[in-house]
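See below for final_4.pdb, which holds PDB, C-alpha atoms, pLDDT in the B column.
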ATOM      1  CA  MET A1040    -157.429  33.370 -30.428  1.00 48.00           C
ATOM      2  CA  PRO A1041    -158.023  33.953 -26.695  1.00 52.00           C
ATOM      3  CA  ALA A1042    -155.910  36.547 -24.907  1.00 54.00           C
ATOM      4  CA  ALA A1043    -153.042  35.227 -22.845  1.00 56.00           C
ATOM      5  CA  GLY A1044    -153.860  35.450 -19.158  1.00 58.00           C
ATOM      6  CA  PRO A1045    -151.388  36.373 -16.421  1.00 57.00           C
ATOM      7  CA  GLY A1046    -150.839  32.693 -15.534  1.00 55.00           C
ATOM      8  CA  ARG A1047    -149.850  31.785 -19.085  1.00 51.00           C
ATOM      9  CA  CYS A1048    -147.551  34.816 -19.360  1.00 49.00           C
ATOM     10  CA  PHE A1049    -145.886  33.876 -16.082  1.00 50.00           C
ATOM     11  CA  ARG A1050    -145.323  30.278 -17.214  1.00 52.00           C
ATOM     12  CA  VAL A1051    -143.787  31.463 -20.487  1.00 46.00           C
ATOM     13  CA  ALA A1052    -141.473  33.858 -18.600  1.00 50.00           C
ATOM     14  CA  PHE A1053    -140.567  31.167 -16.044  1.00 53.00           C
ATOM     15  CA  ILE A1054    -139.770  28.589 -18.734  1.00 51.00           C
ATOM     16  CA  THR A1055    -137.746  31.174 -20.669  1.00 49.00           C
ATOM     17  CA  ALA A1056    -135.705  32.073 -17.589  1.00 53.00           C
ATOM     18  CA  MET A1057    -135.109  28.423 -16.695  1.00 54.00           C
ATOM     19  CA  SER A1058    -134.040  27.747 -20.289  1.00 47.00           C
ATOM     20  CA  LEU A1059    -131.608  30.666 -20.109  1.00 47.00           C
ATOM     21  CA  ASN A1060    -130.272  29.325 -16.820  1.00 53.00           C
ATOM     22  CA  LEU A1061    -129.887  25.896 -18.465  1.00 45.00           C
ATOM     23  CA  LEU A1062    -128.017  27.372 -21.433  1.00 41.00           C
ATOM     24  CA  LEU A1063    -125.709  29.282 -19.120  1.00 44.00           C
ATOM     25  CA  ALA A1064    -125.083  26.090 -17.159  1.00 44.00           C
ATOM     26  CA  GLN A1065    -124.193  24.207 -20.330  1.00 42.00           C
ATOM     27  CA  GLU A1066    -121.670  26.890 -21.295  1.00 42.00           C
ATOM     28  CA  ALA A1067    -120.187  27.206 -17.817  1.00 42.00           C
ATOM     29  CA  THR A1068    -117.332  25.055 -16.714  1.00 40.00           C
ATOM     30  CA  LEU A1069    -118.003  23.023 -13.635  1.00 42.00           C
ATOM     31  CA  LYS A1070    -116.802  25.336 -10.880  1.00 44.00           C
ATOM     32  CA  HIS A1071    -117.011  22.722  -8.184  1.00 45.00           C
ATOM     33  CA  SER A1072    -115.978  19.189  -7.707  1.00 46.00           C
ATOM     34  CA  PRO A1073    -117.519  16.982  -5.079  1.00 45.00           C
ATOM     35  CA  THR A1074    -115.142  16.079  -2.331  1.00 44.00           C
ATOM     36  CA  ALA A1075    -114.527  12.390  -2.420  1.00 43.00           C
ATOM     37  CA  HIS A1076    -114.791  11.690   1.284  1.00 42.00           C
ATOM     38  CA  SER A1077    -116.828  14.459   2.896  1.00 55.00           C
ATOM     39  CA  ALA A1078    -119.676  13.419   5.160  1.00 59.00           C
ATOM     40  CA  VAL A1079    -123.224  13.654   3.911  1.00 68.00           C
ATOM     41  CA  ARG A1080    -124.906  16.691   5.471  1.00 87.00           C
ATOM     42  CA  LEU A1081    -128.493  16.329   6.587  1.00 90.00           C
ATOM     43  CA  PHE A1082    -130.827  19.355   6.421  1.00 95.00           C
ATOM     44  CA  THR A1083    -134.097  19.680   8.268  1.00 95.00           C
ATOM     45  CA  ASP A1084    -136.680  22.037   6.764  1.00 95.00           C
ATOM     46  CA  GLU A1085    -135.853  24.554   9.502  1.00 96.00           C
ATOM     47  CA  GLU A1086    -132.119  24.448   8.827  1.00 96.00           C
ATOM     48  CA  LEU A1087    -132.559  24.707   5.061  1.00 97.00           C
ATOM     49  CA  ALA A1088    -134.803  27.762   5.554  1.00 97.00           C
ATOM     50  CA  LYS A1089    -131.822  29.644   7.051  1.00 96.00           C
ATOM     51  CA  TYR A1090    -130.172  29.648   3.605  1.00 97.00           C
ATOM     52  CA  ASN A1091    -132.943  31.465   1.732  1.00 97.00           C
ATOM     53  CA  GLY A1092    -130.829  34.299   0.335  1.00 95.00           C
ATOM     54  CA  GLY A1093    -132.005  36.784   2.933  1.00 92.00           C
ATOM     55  CA  GLU A1094    -128.538  37.475   4.363  1.00 90.00           C
ATOM     56  CA  ASP A1095    -125.608  38.703   2.299  1.00 86.00           C
ATOM     57  CA  ASN A1096    -122.986  36.686   4.165  1.00 89.00           C
ATOM     58  CA  GLN A1097    -124.851  33.360   3.930  1.00 93.00           C
ATOM     59  CA  PRO A1098    -124.784  30.927   1.016  1.00 97.00           C
ATOM     60  CA  ILE A1099    -128.078  30.283  -0.783  1.00 97.00           C
ATOM     61  CA  TYR A1100    -129.325  26.696  -0.732  1.00 97.00           C
ATOM     62  CA  MET A1101    -132.191  25.039  -2.536  1.00 97.00           C
ATOM     63  CA  ALA A1102    -133.313  21.419  -2.576  1.00 97.00           C
ATOM     64  CA  ILE A1103    -134.717  19.450  -5.481  1.00 97.00           C
ATOM     65  CA  LYS A1104    -135.658  15.802  -5.098  1.00 95.00           C
ATOM     66  CA  GLY A1105    -134.145  15.943  -1.619  1.00 94.00           C
ATOM     67  CA  VAL A1106    -130.720  17.031  -2.908  1.00 94.00           C
ATOM     68  CA  VAL A1107    -129.513  20.333  -1.433  1.00 96.00           C
ATOM     69  CA  PHE A1108    -127.625  22.530  -3.884  1.00 96.00           C
ATOM     70  CA  ASP A1109    -125.581  25.651  -3.173  1.00 96.00           C
ATOM     71  CA  VAL A1110    -127.144  28.041  -5.702  1.00 97.00           C
ATOM     72  CA  THR A1111    -125.162  31.073  -4.523  1.00 96.00           C
ATOM     73  CA  LEU A1112    -123.507  31.185  -7.972  1.00 95.00           C
ATOM     74  CA  GLY A1113    -126.989  32.030  -9.316  1.00 95.00           C
ATOM     75  CA  LYS A1114    -127.565  34.849  -6.830  1.00 95.00           C
ATOM     76  CA  GLU A1115    -129.171  36.954  -9.564  1.00 95.00           C
ATOM     77  CA  PHE A1116    -131.862  34.253  -9.809  1.00 95.00           C
ATOM     78  CA  TYR A1117    -132.174  33.083  -6.180  1.00 96.00           C
ATOM     79  CA  GLY A1118    -130.858  35.898  -3.970  1.00 96.00           C
ATOM     80  CA  LYS A1119    -132.841  38.438  -1.983  1.00 94.00           C
ATOM     81  CA  ASP A1120    -135.422  40.190  -4.195  1.00 94.00           C
ATOM     82  CA  ALA A1121    -134.401  38.010  -7.186  1.00 96.00           C
ATOM     83  CA  PRO A1122    -137.125  36.501  -9.407  1.00 96.00           C
ATOM     84  CA  TYR A1123    -136.801  32.940  -8.053  1.00 96.00           C
ATOM     85  CA  ASN A1124    -135.909  33.733  -4.443  1.00 97.00           C
ATOM     86  CA  THR A1125    -139.080  32.000  -3.318  1.00 97.00           C
ATOM     87  CA  LEU A1126    -137.497  28.677  -4.389  1.00 97.00           C
ATOM     88  CA  ALA A1127    -134.486  29.176  -2.093  1.00 98.00           C
ATOM     89  CA  GLY A1128    -134.267  27.830   1.430  1.00 98.00           C
ATOM     90  CA  ARG A1129    -136.634  24.928   0.809  1.00 97.00           C
ATOM     91  CA  ASP A1130    -137.223  21.761  -1.163  1.00 97.00           C
ATOM     92  CA  SER A1131    -138.832  23.168  -4.313  1.00 97.00           C
ATOM     93  CA  THR A1132    -139.233  19.903  -6.212  1.00 97.00           C
ATOM     94  CA  ARG A1133    -142.890  20.377  -7.161  1.00 97.00           C
ATOM     95  CA  ALA A1134    -142.360  24.002  -8.210  1.00 98.00           C
ATOM     96  CA  ILE A1135    -139.487  23.013 -10.518  1.00 97.00           C
ATOM     97  CA  ALA A1136    -141.538  20.175 -12.019  1.00 97.00           C
ATOM     98  CA  LYS A1137    -144.509  22.452 -12.668  1.00 97.00           C
ATOM     99  CA  MET A1138    -142.423  25.536 -13.555  1.00 96.00           C
ATOM    100  CA  SER A1139    -144.418  27.387 -10.915  1.00 96.00           C
ATOM    101  CA  LEU A1140    -143.785  29.913  -8.177  1.00 96.00           C
ATOM    102  CA  GLU A1141    -147.206  29.481  -6.575  1.00 96.00           C
ATOM    103  CA  SER A1142    -147.005  28.944  -2.824  1.00 96.00           C
ATOM    104  CA  LYS A1143    -148.945  25.666  -3.054  1.00 97.00           C
ATOM    105  CA  ASP A1144    -146.184  24.261  -5.308  1.00 97.00           C
ATOM    106  CA  LEU A1145    -143.273  25.189  -3.025  1.00 97.00           C
ATOM    107  CA  THR A1146    -142.940  21.685  -1.608  1.00 96.00           C
ATOM    108  CA  HIS A1147    -141.138  18.376  -1.962  1.00 95.00           C
ATOM    109  CA  ASP A1148    -144.430  16.586  -2.700  1.00 95.00           C
ATOM    110  CA  THR A1149    -144.609  15.065  -6.183  1.00 94.00           C
ATOM    111  CA  ASN A1150    -147.971  13.328  -5.773  1.00 95.00           C
ATOM    112  CA  GLY A1151    -150.252  14.000  -8.732  1.00 96.00           C
ATOM    113  CA  LEU A1152    -147.590  15.297 -11.098  1.00 96.00           C
ATOM    114  CA  THR A1153    -148.054  14.323 -14.727  1.00 97.00           C
ATOM    115  CA  ASP A1154    -145.538  12.209 -16.634  1.00 97.00           C
ATOM    116  CA  ASP A1155    -144.485  15.333 -18.554  1.00 97.00           C
ATOM    117  CA  GLU A1156    -143.916  17.257 -15.311  1.00 97.00           C
ATOM    118  CA  LEU A1157    -141.860  14.396 -13.866  1.00 96.00           C
ATOM    119  CA  LYS A1158    -139.781  14.228 -17.053  1.00 97.00           C
ATOM    120  CA  SER A1159    -139.267  17.995 -16.946  1.00 96.00           C
ATOM    121  CA  LEU A1160    -138.192  17.703 -13.297  1.00 96.00           C
ATOM    122  CA  ASP A1161    -135.606  15.035 -14.140  1.00 94.00           C
ATOM    123  CA  ASP A1162    -134.323  17.006 -17.133  1.00 95.00           C
ATOM    124  CA  VAL A1163    -133.856  20.239 -15.155  1.00 95.00           C
ATOM    125  CA  PHE A1164    -132.426  18.352 -12.155  1.00 94.00           C
ATOM    126  CA  ASN A1165    -129.816  16.513 -14.248  1.00 92.00           C
ATOM    127  CA  SER A1166    -129.048  19.074 -16.963  1.00 93.00           C
ATOM    128  CA  LEU A1167    -129.057  22.241 -14.884  1.00 93.00           C
ATOM    129  CA  TYR A1168    -128.722  21.788 -11.163  1.00 94.00           C
ATOM    130  CA  LYS A1169    -126.385  18.782 -11.046  1.00 92.00           C
ATOM    131  CA  THR A1170    -124.076  20.326 -13.651  1.00 92.00           C
ATOM    132  CA  LYS A1171    -124.025  23.914 -12.408  1.00 93.00           C
ATOM    133  CA  TYR A1172    -124.391  23.861  -8.626  1.00 94.00           C
ATOM    134  CA  PRO A1173    -122.470  21.964  -5.952  1.00 93.00           C
ATOM    135  CA  ILE A1174    -124.334  19.467  -3.794  1.00 92.00           C
ATOM    136  CA  VAL A1175    -123.985  20.386  -0.126  1.00 93.00           C
ATOM    137  CA  GLY A1176    -126.267  17.768   1.431  1.00 92.00           C
ATOM    138  CA  TYR A1177    -129.643  16.104   1.493  1.00 93.00           C
ATOM    139  CA  THR A1178    -132.967  16.730   3.144  1.00 94.00           C
ATOM    140  CA  ALA A1179    -133.939  14.604   6.107  1.00 91.00           C
ATOM    141  CA  ARG A1180    -136.802  13.189   3.990  1.00 89.00           C
ATOM    142  CA  ARG A1181    -134.334  11.750   1.495  1.00 87.00           C
ATOM    143  CA  ILE A1182    -131.995  10.156   4.035  1.00 86.00           C
ATOM    144  CA  LEU A1183    -134.426   9.063   6.752  1.00 87.00           C
ATOM    145  CA  ASN A1184    -137.608   7.012   6.770  1.00 85.00           C
ATOM    146  CA  ASP A1185    -140.776   8.428   8.334  1.00 82.00           C
ATOM    147  CA  ASP A1186    -139.936   6.680  11.625  1.00 87.00           C
ATOM    148  CA  GLY A1187    -136.480   8.347  11.731  1.00 86.00           C
ATOM    149  CA  SER A1188    -134.539   5.222  10.827  1.00 88.00           C
ATOM    150  CA  PRO A1189    -131.898   5.404   8.054  1.00 86.00           C
ATOM    151  CA  ASN A1190    -133.165   4.845   4.520  1.00 83.00           C
ATOM    152  CA  LYS A1191    -131.140   1.805   3.456  1.00 84.00           C
ATOM    153  CA  ASP A1192    -131.758   2.630  -0.227  1.00 81.00           C
ATOM    154  CA  PHE A1193    -130.208   6.119   0.034  1.00 80.00           C
ATOM    155  CA  LYS A1194    -127.478   6.758  -2.536  1.00 77.00           C
ATOM    156  CA  PRO A1195    -125.951  10.246  -2.695  1.00 79.00           C
ATOM    157  CA  GLU A1196    -125.882  11.914  -6.092  1.00 72.00           C
ATOM    158  CA  ASP A1197    -122.311  13.131  -5.647  1.00 62.00           C
ATOM    159  CA  GLN A1198    -120.707  10.281  -3.715  1.00 59.00           C
ATOM    160  CA  PRO A1199    -121.110   6.960  -5.519  1.00 51.00           C
ATOM    161  CA  HIS A1200    -118.634   5.301  -3.130  1.00 50.00           C
ATOM    162  CA  PHE A1201    -120.907   6.114  -0.178  1.00 50.00           C
ATOM    163  CA  ASN A1202    -121.896   3.323   2.150  1.00 50.00           C
ATOM    164  CA  ILE A1203    -124.730   4.023   4.578  1.00 48.00           C
ATOM    165  CA  LYS A1204    -122.922   2.260   7.434  1.00 50.00           C
ATOM    166  CA  ASP A1205    -120.204   4.950   7.175  1.00 46.00           C
ATOM    167  CA  GLU A1206    -122.660   7.667   8.144  1.00 45.00           C
ATOM    168  CA  PHE A1207    -125.148   6.152  10.591  1.00 42.00           C
TER     169      PHE A1207
END

Before we go any further, please render this structure as structure tokens.
Amino acid sequence: MPAAGPGRCFRVAFITAMSLNLLLAQEATLKHSPTAHSAVRLFTDEELAKYNGGEDNQPIYMAIKGVVFDVTLGKEFYGKDAPYNTLAGRDSTRAIAKMSLESKDLTHDTNGLTDDELKSLDDVFNSLYKTKYPIVGYTARRILNDDGSPNKDFKPEDQPHFNIKDEF
């Protein structure tokens, strides 16, 4: 049997930690409830980067699939010097799908992901993040088309009553 390399050990540790986070989320009561009529907040990459856990008095935000979550409740995971701090302050969709902390995976880009990685992304997104952390907004990529026009197909995760004409 070949020896486990550092990459394999990291992936096992990452998956174990995410599983623990998922279990804790399942046992936790929902500590937030989406406000029924709050406006959808749009985050540029630059604005989202301000919420990377580097300052004690700032909330910690992280985006997955263009949905921005307040992960301050998980400060021990995402705060300054925490094991997954590199995921904070950005759209970390690819990293979550691949269970990776490599810099090349710290992006919103899902091109080339396998079916298993996409399924894993959806499972973690729905079973962990949407149940444990409040949604505070969306990335510009999710709400706007490349030309800056509103994405007519945009539907917020936390506001099913939302009508795009109310916001733009």

**Asked** If we count only C-alpha atoms, what is near Leu1126 of chain A at a cut-off of 9 Å, once residues fewer than 5 positions away on the same chain are taken out, given as an MDAnalysis selection string?
**Response** chainID A and resid 1091 1101:1102 1117 1131 1134:1135 1140 1145

**Request:** Might you spell out which residues the PyMOL selection byres ((chain A and resi 1108) around 9) would select in the displayed file, as an MDAnalysis selection string?
**Result:** chainID A and resid 1099:1103 1106:1107 1109:1111 1168:1169 1172:1177

What does the file look like for those residues with C-alpha atoms, as a compact mmCIF listing (two decimals), in the coordinates of the input?
# COMPACT_ATOMS: atom_id res chain seq x y z
CA ILE A 1099 -128.08 30.28 -0.78
CA TYR A 1100 -129.32 26.70 -0.73
CA MET A 1101 -132.19 25.04 -2.54
CA ALA A 1102 -133.31 21.42 -2.58
CA ILE A 1103 -134.72 19.45 -5.48
CA VAL A 1106 -130.72 17.03 -2.91
CA VAL A 1107 -129.51 20.33 -1.43
CA ASP A 1109 -125.58 25.65 -3.17
CA VAL A 1110 -127.14 28.04 -5.70
CA THR A 1111 -125.16 31.07 -4.52
CA TYR A 1168 -128.72 21.79 -11.16
CA LYS A 1169 -126.38 18.78 -11.05
CA TYR A 1172 -124.39 23.86 -8.63
CA PRO A 1173 -122.47 21.96 -5.95
CA ILE A 1174 -124.33 19.47 -3.79
CA VAL A 1175 -123.98 20.39 -0.13
CA GLY A 1176 -126.27 17.77 1.43
CA TYR A 1177 -129.64 16.10 1.49

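Of note, atom CA of Asp1185 of chain A and atom CA of Ser1142 of chain A are spaced 24.2 Å apart.
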
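Put simply, atom CA of Gly1092 of chain A is 11.8 Å away from atom CA of Pro1122 of chain A.
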
**Message:** Rounded to one decimal, what separation in Å do you get between atom CA of Ser1188 of chain A and atom CA of Lys1089 of chain A?
**Reply:** 24.9 Å

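The list of residues with at least one atom within 10 Å of Gly1093 of chain A, based on only C-alpha atoms and without residues fewer than 2 positions apart in the same chain, reads Ala1088, Lys1089, Tyr1090, Asn1091, Asp1095, Asn1096, Gln1097, Pro1098, Ile1099, Tyr1117, Gly1118, Lys1119, Asp1120, Asn1124, Ala1127 and Gly1128 of chain A.
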
When the PyMOL selection byres ((chain A and resi 1148) around 10) is applied to the file above, which residues end up in the set, as a JSON list (two decimals) with C-alpha atoms, keeping the file's coordinate frame?
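Dumped everything to expr19.json:
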[["chain", "number", "residue", "atom", "x", "y", "z"],
["A", 1104, "LYS", "CA", -135.66, 15.80, -5.10],
["A", 1130, "ASP", "CA", -137.22, 21.76, -1.16],
["A", 1131, "SER", "CA", -138.83, 23.17, -4.31],
["A", 1132, "THR", "CA", -139.23, 19.90, -6.21],
["A", 1133, "ARG", "CA", -142.89, 20.38, -7.16],
["A", 1134, "ALA", "CA", -142.36, 24.00, -8.21],
["A", 1144, "ASP", "CA", -146.18, 24.26, -5.31],
["A", 1145, "LEU", "CA", -143.27, 25.19, -3.02],
["A", 1146, "THR", "CA", -142.94, 21.68, -1.61],
["A", 1147, "HIS", "CA", -141.14, 18.38, -1.96],
["A", 1149, "THR", "CA", -144.61, 15.06, -6.18],
["A", 1150, "ASN", "CA", -147.97, 13.33, -5.77],
["A", 1151, "GLY", "CA", -150.25, 14.00, -8.73],
["A", 1152, "LEU", "CA", -147.59, 15.30, -11.10]]

**Asked** Hey, what comes out of the PyMOL selection byres ((chain A and resi 1182) around 10) on this file? Could you write it as a PyMOL selection string?
**Response** chain A and resi 1079-1082+1105-1106+1176-1181+1183-1185+1187-1195+1203

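Distances here use only C-alpha atoms; by that measure, the residue among A:Leu1112, A:Ala1121, A:Ala1136, A:Leu1087 closest to Glu1156 of chain A is A:Ala1136.
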
**Asp1155 of chain A environment, 10 Å, all atoms listed in the file, sequence neighbours closer than 5 positions dropped, as a PyMOL selection string** = chain A and resi 1136-1137+1160-1161

Can you write just those residues out, C-alpha atoms, as a compact mmCIF listing (two decimals), keeping the file's coordinate frame?
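The file below, result07.txt, is the result:
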# COMPACT_ATOMS: atom_id res chain seq x y z
CA ALA A 1136 -141.54 20.18 -12.02
CA LYS A 1137 -144.51 22.45 -12.67
CA LEU A 1160 -138.19 17.70 -13.30
CA ASP A 1161 -135.61 15.04 -14.14

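Distance annotation: of A:Gly1113, A:Glu1141, A:Asp1084, A:Asp1154, the residue with the minimal separation from Thr1125 of chain A is A:Glu1141; atom set is all atoms listed in the file.
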